[in-house]
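**Student:** Handing over structure03.txt, compact mmCIF, C-alpha atoms and all ligand atoms.
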```txt
# COMPACT_ATOMS: atom_id res chain seq x y z
CA MET A 1 26.12 -39.16 -141.48
CA GLU A 2 26.66 -40.02 -137.84
CA THR A 3 29.46 -38.08 -136.11
CA ARG A 4 31.42 -40.12 -133.61
CA PRO A 5 34.03 -38.71 -131.26
CA GLU A 6 37.66 -39.39 -132.13
CA ASN A 7 38.25 -41.19 -128.85
CA ALA A 8 34.96 -43.08 -128.86
CA LEU A 9 34.52 -45.57 -126.04
CA ARG A 10 34.08 -49.24 -126.78
CA LEU A 11 30.86 -50.82 -125.60
CA GLY A 12 31.06 -54.40 -124.38
CA VAL A 13 27.59 -55.87 -124.10
CA ASN A 14 27.19 -58.37 -121.28
CA ILE A 15 24.61 -60.96 -122.32
CA ASP A 16 24.42 -62.95 -119.06
CA HIS A 17 20.84 -62.02 -118.35
CA ILE A 18 19.54 -63.37 -121.63
CA ALA A 19 20.72 -66.69 -120.21
CA THR A 20 19.07 -65.89 -116.86
CA LEU A 21 15.76 -65.57 -118.69
CA ARG A 22 16.31 -68.80 -120.62
CA ASN A 23 17.23 -70.66 -117.44
CA ALA A 24 14.04 -69.49 -115.72
CA ARG A 25 12.24 -72.12 -117.83
CA GLY A 26 15.14 -74.50 -118.28
CA GLY A 27 14.78 -74.64 -122.06
CA THR A 28 16.71 -73.12 -124.93
CA HIS A 29 14.90 -69.81 -125.43
CA PRO A 30 15.99 -67.03 -125.42
CA ASP A 31 19.39 -68.15 -126.61
CA PRO A 32 22.19 -65.88 -125.28
CA VAL A 33 24.26 -66.61 -128.37
CA ALA A 34 21.46 -65.35 -130.60
CA GLY A 35 21.40 -62.32 -128.27
CA ALA A 36 25.13 -61.85 -128.79
CA TRP A 37 24.60 -61.93 -132.54
CA ALA A 38 21.85 -59.31 -132.24
CA ALA A 39 24.15 -57.18 -130.06
CA ILE A 40 26.94 -57.44 -132.64
CA GLN A 41 24.48 -56.41 -135.39
CA ALA A 42 23.46 -53.46 -133.23
CA GLY A 43 27.05 -52.24 -132.96
CA ALA A 44 28.49 -53.85 -129.82
CA ASP A 45 32.29 -53.64 -129.88
CA GLY A 46 32.61 -56.74 -127.77
CA ILE A 47 30.60 -59.45 -126.05
CA THR A 48 31.04 -60.12 -122.37
CA ALA A 49 29.83 -63.21 -120.52
CA HIS A 50 30.42 -64.44 -116.98
CA LEU A 51 30.68 -68.18 -116.50
CA ARG A 52 29.86 -68.46 -112.83
CA GLU A 53 30.78 -71.37 -110.65
CA ASP A 54 27.08 -72.17 -110.10
CA ARG A 55 26.22 -71.70 -113.84
CA ARG A 56 23.27 -69.53 -112.85
CA HIS A 57 23.28 -67.86 -116.26
CA MET A 58 25.93 -68.80 -118.83
CA ARG A 59 26.72 -72.50 -119.27
CA ASP A 60 29.84 -74.15 -120.60
CA ASP A 61 28.42 -74.87 -124.06
CA ASP A 62 27.18 -71.25 -124.30
CA MET A 63 30.79 -70.12 -123.89
CA THR A 64 31.95 -72.48 -126.64
CA ARG A 65 29.26 -71.26 -129.02
CA LEU A 66 29.97 -67.64 -128.11
CA GLN A 67 33.64 -68.06 -128.82
CA MET A 68 32.81 -69.49 -132.25
CA LEU A 69 30.44 -66.62 -132.98
CA CYS A 70 32.94 -64.00 -131.86
CA LEU A 71 35.77 -65.56 -133.87
CA ASP A 72 33.55 -65.71 -136.96
CA SER A 73 32.41 -62.10 -136.48
CA GLY A 74 35.82 -60.68 -135.60
CA ILE A 75 34.41 -59.36 -132.32
CA PRO A 76 36.30 -59.86 -129.05
CA LEU A 77 34.83 -62.18 -126.44
CA ASN A 78 35.49 -61.09 -122.87
CA MET A 79 35.04 -63.99 -120.45
CA GLU A 80 34.48 -63.00 -116.85
CA MET A 81 35.50 -65.63 -114.34
CA ALA A 82 36.54 -66.25 -110.78
CA VAL A 83 40.09 -67.14 -109.80
CA THR A 84 39.60 -70.91 -109.51
CA ASP A 85 41.33 -73.98 -110.95
CA GLU A 86 38.15 -75.04 -112.75
CA MET A 87 37.80 -71.68 -114.51
CA GLU A 88 41.48 -71.65 -115.35
CA THR A 89 41.11 -74.98 -117.17
CA ILE A 90 38.04 -73.78 -119.05
CA ALA A 91 39.66 -70.48 -120.08
CA ARG A 92 42.82 -72.23 -121.21
CA ASP A 93 40.74 -74.52 -123.46
CA LEU A 94 38.47 -71.76 -124.73
CA CYS A 95 41.13 -69.10 -125.35
CA PRO A 96 38.79 -66.09 -125.42
CA HIS A 97 40.22 -62.77 -126.60
CA ALA A 98 39.98 -61.34 -123.08
CA VAL A 99 39.53 -62.66 -119.57
CA CYS A 100 38.31 -60.45 -116.76
CA LEU A 101 39.00 -61.86 -113.30
CA VAL A 102 36.21 -61.09 -110.86
CA PRO A 103 35.46 -61.98 -107.25
CA GLU A 104 32.64 -64.48 -106.81
CA ARG A 105 30.58 -65.49 -103.83
CA ARG A 106 27.78 -68.00 -104.19
CA GLU A 107 25.29 -66.06 -102.12
CA GLU A 108 25.71 -62.77 -103.99
CA ARG A 109 23.14 -61.64 -106.56
CA THR A 110 25.76 -60.09 -108.79
CA THR A 111 29.46 -59.26 -108.59
CA GLU A 112 29.59 -57.25 -105.40
CA GLY A 113 32.82 -55.37 -104.82
CA GLY A 114 36.09 -55.74 -106.66
CA LEU A 115 38.77 -58.38 -106.67
CA ASN A 116 41.11 -58.31 -103.68
CA VAL A 117 44.30 -58.22 -105.73
CA ALA A 118 46.32 -57.06 -102.79
CA GLY A 119 45.16 -60.01 -100.67
CA ASP A 120 45.53 -62.72 -103.33
CA HIS A 121 48.46 -61.39 -105.29
CA ASN A 122 50.45 -64.56 -105.94
CA ARG A 123 47.50 -66.61 -107.15
CA ILE A 124 46.24 -63.82 -109.40
CA THR A 125 49.69 -63.10 -110.82
CA SER A 126 50.19 -66.76 -111.66
CA LEU A 127 46.78 -66.99 -113.38
CA VAL A 128 47.41 -63.77 -115.32
CA SER A 129 50.66 -65.17 -116.62
CA LYS A 130 49.22 -68.61 -117.51
CA LEU A 131 46.28 -67.14 -119.42
CA ALA A 132 48.45 -64.52 -121.10
CA ASP A 133 50.58 -67.42 -122.40
CA LYS A 134 47.41 -68.74 -124.07
CA GLY A 135 46.98 -65.37 -125.82
CA CYS A 136 44.24 -63.93 -123.55
CA ARG A 137 44.24 -60.25 -122.62
CA LEU A 138 43.81 -60.08 -118.85
CA SER A 139 41.74 -57.58 -116.98
CA LEU A 140 41.15 -57.31 -113.22
CA PHE A 141 37.82 -56.07 -111.91
CA ILE A 142 38.70 -53.87 -108.96
CA GLU A 143 37.49 -50.99 -106.85
CA ALA A 144 39.14 -47.65 -107.63
CA VAL A 145 41.35 -47.67 -104.56
CA PRO A 146 45.09 -46.98 -104.77
CA GLU A 147 46.20 -50.22 -103.09
CA GLN A 148 44.23 -52.42 -105.52
CA ILE A 149 45.31 -50.42 -108.58
CA ASP A 150 48.97 -50.58 -107.61
CA MET A 151 48.83 -54.31 -106.95
CA ALA A 152 46.89 -54.90 -110.19
CA ALA A 153 49.72 -53.24 -112.13
CA LYS A 154 52.20 -55.58 -110.46
CA THR A 155 50.36 -58.71 -111.65
CA GLY A 156 51.30 -58.00 -115.27
CA ALA A 157 47.65 -57.69 -116.37
CA PRO A 158 47.41 -54.97 -119.03
CA VAL A 159 43.88 -53.87 -118.10
CA VAL A 160 41.84 -52.99 -115.04
CA GLU A 161 38.07 -52.66 -115.04
CA LEU A 162 36.94 -50.25 -112.36
CA HIS A 163 33.76 -51.16 -110.48
CA THR A 164 31.08 -48.49 -110.94
CA GLY A 165 28.48 -50.29 -108.78
CA ALA A 166 28.84 -48.06 -105.73
CA TYR A 167 28.45 -44.96 -107.91
CA ALA A 168 25.30 -46.40 -109.50
CA HIS A 169 23.87 -47.40 -106.11
CA ALA A 170 24.48 -43.94 -104.66
CA LEU A 171 22.52 -42.38 -107.51
CA ASP A 172 19.73 -44.96 -107.14
CA ALA A 173 19.54 -43.99 -103.47
CA GLN A 174 19.43 -40.33 -104.53
CA ASP A 175 22.56 -39.67 -102.53
CA GLY A 176 24.15 -37.11 -104.83
CA GLU A 177 26.93 -36.31 -102.38
CA ALA A 178 28.07 -39.93 -102.19
CA ALA A 179 27.81 -40.27 -105.97
CA GLU A 180 30.02 -37.19 -106.43
CA ARG A 181 32.57 -38.52 -103.96
CA ILE A 182 32.68 -41.94 -105.63
CA LEU A 183 32.90 -40.36 -109.08
CA LYS A 184 35.87 -38.32 -107.90
CA GLN A 185 37.47 -41.48 -106.54
CA LEU A 186 36.88 -43.21 -109.89
CA LYS A 187 38.52 -40.33 -111.77
CA THR A 188 41.54 -40.36 -109.46
CA GLY A 189 41.73 -44.14 -109.84
CA VAL A 190 41.61 -43.91 -113.63
CA LYS A 191 44.49 -41.45 -113.61
CA ARG A 192 46.55 -43.59 -111.26
CA ALA A 193 45.97 -46.70 -113.37
CA VAL A 194 46.85 -44.89 -116.61
CA ASP A 195 50.03 -43.51 -115.01
CA LEU A 196 50.98 -47.10 -114.17
CA GLY A 197 50.55 -48.05 -117.84
CA LEU A 198 47.20 -49.83 -117.47
CA GLU A 199 44.30 -49.64 -119.90
CA VAL A 200 41.14 -48.75 -118.00
CA HIS A 201 37.66 -50.15 -118.49
CA ALA A 202 34.64 -49.58 -116.26
CA GLY A 203 31.33 -51.20 -115.57
CA HIS A 204 28.53 -52.39 -113.31
CA GLY A 205 25.14 -50.84 -112.75
CA LEU A 206 25.39 -48.43 -115.69
CA THR A 207 22.17 -47.14 -117.22
CA PHE A 208 20.99 -44.43 -119.64
CA ASP A 209 20.63 -42.12 -116.63
CA ASN A 210 24.05 -42.57 -115.02
CA VAL A 211 26.41 -43.44 -117.88
CA ALA A 212 27.38 -39.93 -119.03
CA PRO A 213 29.73 -38.89 -116.19
CA ILE A 214 31.57 -42.23 -116.46
CA ALA A 215 31.73 -42.07 -120.26
CA ALA A 216 33.10 -38.53 -119.99
CA ILE A 217 36.28 -39.75 -118.25
CA SER A 218 38.38 -39.52 -121.37
CA GLU A 219 41.04 -42.08 -120.42
CA VAL A 220 38.48 -44.89 -120.00
CA LYS A 221 38.55 -47.08 -123.11
CA GLU A 222 35.65 -49.46 -122.63
CA LEU A 223 32.40 -49.84 -120.72
CA ASN A 224 30.86 -53.23 -120.01
CA ILE A 225 27.12 -53.04 -119.60
CA GLY A 226 24.64 -55.85 -119.16
CA HIS A 227 21.65 -55.92 -116.85
CA PHE A 228 20.19 -52.56 -117.83
CA LEU A 229 20.54 -53.16 -121.59
CA ILE A 230 18.90 -56.58 -121.43
CA GLY A 231 16.14 -55.25 -119.18
CA GLU A 232 15.54 -52.23 -121.39
CA ALA A 233 15.42 -54.50 -124.44
CA VAL A 234 12.05 -55.74 -123.14
CA PHE A 235 10.65 -52.25 -123.77
CA MET A 236 12.57 -50.93 -126.75
CA GLY A 237 14.35 -53.92 -128.28
CA LEU A 238 18.02 -54.82 -127.87
CA GLU A 239 19.09 -52.98 -130.99
CA ASN A 240 17.50 -49.70 -129.88
CA ALA A 241 18.79 -50.07 -126.32
CA ILE A 242 22.35 -50.57 -127.56
CA ALA A 243 22.03 -47.71 -130.06
CA GLU A 244 20.78 -45.35 -127.35
CA MET A 245 23.57 -46.36 -124.95
CA ARG A 246 26.14 -45.76 -127.68
CA ARG A 247 24.60 -42.39 -128.44
CA LEU A 248 24.85 -41.35 -124.78
CA MET A 249 28.42 -42.63 -124.52
CA ASP A 250 29.45 -40.76 -127.67
CA ALA A 251 27.63 -37.60 -126.62
CA ALA A 252 29.60 -37.56 -123.36
CA ARG A 253 32.81 -37.34 -125.42
CA LEU A 254 31.89 -34.95 -128.22
N1 LIG A 301 31.72 -55.70 -115.47
C1 LIG A 301 31.88 -56.79 -114.67
C2 LIG A 301 33.27 -57.23 -114.33
C3 LIG A 301 30.77 -57.50 -114.18
O1 LIG A 301 30.95 -58.56 -113.37
C4 LIG A 301 29.48 -57.10 -114.58
C5 LIG A 301 28.28 -57.86 -114.10
O2 LIG A 301 28.34 -59.14 -114.55
C6 LIG A 301 29.37 -55.98 -115.43
C7 LIG A 301 30.50 -55.30 -115.84
C8 LIG A 301 28.05 -55.51 -115.93
O3 LIG A 301 27.26 -55.07 -114.90
P1 LIG A 301 25.72 -54.77 -115.18
O4 LIG A 301 25.10 -56.08 -115.55
O5 LIG A 301 25.25 -54.21 -113.91
O6 LIG A 301 25.68 -53.79 -116.33
```
When written as C-alpha cells, how does the structure in this file appear?
**Tutor:**
Amino acid sequence: METRPENALRLGVNIDHIATLRNARGGTHPDPVAGAWAAIQAGADGITAHLREDRRHMRDDDMTRLQMLCLDSGIPLNMEMAVTDEMETIARDLCPHAVCLVPERREERTTEGGLNVAGDHNRITSLVSKLADKGCRLSLFIEAVPEQIDMAAKTGAPVVELHTGAYAHALDAQDGEAAERILKQLKTGVKRAVDLGLEVHAGHGLTFDNVAPIAAISEVKELNIGHFLIGEAVFMGLENAIAEMRRLMDAARL
C-alpha cells in the first residue's frame, strides 16, 4: 500500500502543450481534453489551462469542454488568464473553480515573470472581486518579492502562485549559487505570504530534477506543472510521467 505524506502537495497538471501539438497540424489530435482525462486518471488533483489572447494553445471551446469534464469528474479546473476585459467575460461565463491571473505579452514564449500587482492594483483588485462573486477562487501568479506579495494580499485574492521559473533557469544554466539564492527568496516569500493569510502555490519550469527542493517547502499547497510532463509523456507516457512527479513530490515531504 502506497504511503503518502500527511501534508501531501496537490499536483495541478497544465495541459496547454497537448493543444500546442494539436495546433501544429491544425486538426483535432491530440485532444487536450482527452489529455486532461488521462491526467485525471493518472492522479492529477487539478487541471490547469491557459487561454491566451492569441489562442496559441487552448481555444475557447477547449475551455468549455474542459469545464464540463472537470465538473463531471469532481476535479478543479484552474483557468490561467491575463487581466483583460475579454478574458473577464469568458471567465464569468465559464465559472471555473479557480482563476489564476498571469501577465501576458504576445512576443513571449511562455509566461515570463510574475504579475505586477503593485503596478496594476486597482484593475486586479476589481477583477478579483468580480470573479470571486461568480464563485471562482482567485490566484495571482507573482514573483516571490515582498512588494508583490503584500499587494497581492491586499487584492482580496486568497491564493498566490509563486513563479519558480528563475530557479529552474538557474539550475539549467548550472548556476548553483543563483539557484540557492532564488530558492531562499522563494522560501522567504512563502513564509511572508502565509503570514498574510494567503494559500501558496508554485510553478513554472519544474521537472523531475528540480522539483524536490520546491516540494519540500512544507507550506506550499499545490504545484502546477505542464511543459515538462507533456514533453516527458512522449518518452514514458503521461500516466507514468504524472506518477513519477507525484512520487518525487511526496518523497520530498515524507
Ligand atoms: N503556473 C503558471 C501560472 C503558468 O503560467 C505556467 C505556464 O503556463 C505554469 C505554472 C506551468 O509551467 P510549465 O509549463 O513550465 O510547467
**Student:** Would you mind listing, for every residue of chain A within 6 Å of ligand LIG 301 (chain A), the two atoms forming the shortest contact and the distance between them in Å to one decimal, using all atoms listed in the file, sorted by chain and ascending residue number, as a Markdown table?
**Tutor:**
```
| residue | atom | partner | partner_atom | distance |
| --- | --- | --- | --- | --- |
| A:Val102 | CA | A:LIG301 | C2 | 6.0 |
| A:Thr111 | CA | A:LIG301 | O1 | 5.1 |
| A:Phe141 | CA | A:LIG301 | C2 | 5.3 |
| A:Gly203 | CA | A:LIG301 | C7 | 4.2 |
| A:His204 | CA | A:LIG301 | O3 | 3.4 |
| A:Gly205 | CA | A:LIG301 | O5 | 3.6 |
| A:Leu206 | CA | A:LIG301 | O6 | 5.4 |
| A:Asn224 | CA | A:LIG301 | C7 | 4.7 |
| A:Ile225 | CA | A:LIG301 | O6 | 3.7 |
| A:Gly226 | CA | A:LIG301 | O4 | 3.6 |
| A:His227 | CA | A:LIG301 | O4 | 3.7 |
| A:Phe228 | CA | A:LIG301 | O6 | 5.8 |
```
**Student:** Restricting the output to C-alpha atoms, write the selected residues as an mmCIF file, in the frame of the given file.
**Tutor:**
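Saved file selection14.cif follows:
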```cif
data_model
loop_
_atom_site.group_PDB
_atom_site.id
_atom_site.type_symbol
_atom_site.label_atom_id
_atom_site.label_comp_id
_atom_site.auth_asym_id
_atom_site.auth_seq_id
_atom_site.Cartn_x
_atom_site.Cartn_y
_atom_site.Cartn_z
ATOM 1 C CA VAL A 102 36.210 -61.090 -110.860
ATOM 2 C CA THR A 111 29.460 -59.260 -108.590
ATOM 3 C CA PHE A 141 37.820 -56.070 -111.910
ATOM 4 C CA GLY A 203 31.330 -51.200 -115.570
ATOM 5 C CA HIS A 204 28.530 -52.390 -113.310
ATOM 6 C CA GLY A 205 25.140 -50.840 -112.750
ATOM 7 C CA LEU A 206 25.390 -48.430 -115.690
ATOM 8 C CA ASN A 224 30.860 -53.230 -120.010
ATOM 9 C CA ILE A 225 27.120 -53.040 -119.600
ATOM 10 C CA GLY A 226 24.640 -55.850 -119.160
ATOM 11 C CA HIS A 227 21.650 -55.920 -116.850
ATOM 12 C CA PHE A 228 20.190 -52.560 -117.830
#
```
**Student:** Within 6 Å of stretch 155-167 of chain A, counting all atoms listed in the file, which residues show up once you throw out same-chain ones fewer than 3 positions away? Write them as a JSON list (two decimals) with C-alpha atoms, in the coordinates of the input, please.
**Tutor:**
```
[["chain", "number", "residue", "atom", "x", "y", "z"],
["A", 125, "THR", "CA", 49.69, -63.10, -110.82],
["A", 138, "LEU", "CA", 43.81, -60.08, -118.85],
["A", 139, "SER", "CA", 41.74, -57.58, -116.98],
["A", 140, "LEU", "CA", 41.15, -57.31, -113.22],
["A", 141, "PHE", "CA", 37.82, -56.07, -111.91],
["A", 142, "ILE", "CA", 38.70, -53.87, -108.96],
["A", 143, "GLU", "CA", 37.49, -50.99, -106.85],
["A", 144, "ALA", "CA", 39.14, -47.65, -107.63],
["A", 152, "ALA", "CA", 46.89, -54.90, -110.19],
["A", 170, "ALA", "CA", 24.48, -43.94, -104.66],
["A", 179, "ALA", "CA", 27.81, -40.27, -105.97],
["A", 182, "ILE", "CA", 32.68, -41.94, -105.63],
["A", 198, "LEU", "CA", 47.20, -49.83, -117.47],
["A", 199, "GLU", "CA", 44.30, -49.64, -119.90],
["A", 200, "VAL", "CA", 41.14, -48.75, -118.00],
["A", 201, "HIS", "CA", 37.66, -50.15, -118.49],
["A", 202, "ALA", "CA", 34.64, -49.58, -116.26],
["A", 203, "GLY", "CA", 31.33, -51.20, -115.57],
["A", 204, "HIS", "CA", 28.53, -52.39, -113.31],
["A", 205, "GLY", "CA", 25.14, -50.84, -112.75]]
```
**Student:** Report, in Å to a single decimal, how far apart atom CA of A:Asp61 and atom CA of A:Leu94 are.
**Tutor:**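 Result for atom CA of A:Leu94 versus atom CA of A:Asp61: 10.5 Å, one decimal.
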**Student:** If we count all atoms listed in the file and set the cut-off at 8 Å, which residues sit around A:Arg52, ignoring sequence neighbours fewer than 6 positions away in its own chain? Please answer as a PyMOL selection string.
**Tutor:** chain A and resi 58+81-82+104
**Student:** How would the residues just chosen look if you wrote them out with C-alpha atoms as a PDB file, keeping the file's coordinate frame?
**Tutor:**
```pdb
ATOM      1  CA  MET A  58      25.930 -68.800-118.830  1.00  0.00           C
ATOM      2  CA  MET A  81      35.500 -65.630-114.340  1.00  0.00           C
ATOM      3  CA  ALA A  82      36.540 -66.250-110.780  1.00  0.00           C
ATOM      4  CA  GLU A 104      32.640 -64.480-106.810  1.00  0.00           C
TER       5      GLU A 104
END
```
**Student:** Give as a PyMOL selection string every residue, naming chains and numbers as the document does, that has an atom within 12 Å of (25.0, -54.5, -135.0), counting only C-alpha atoms.
**Tutor:** chain A and resi 11+13+35-47+73+75+238-243+246
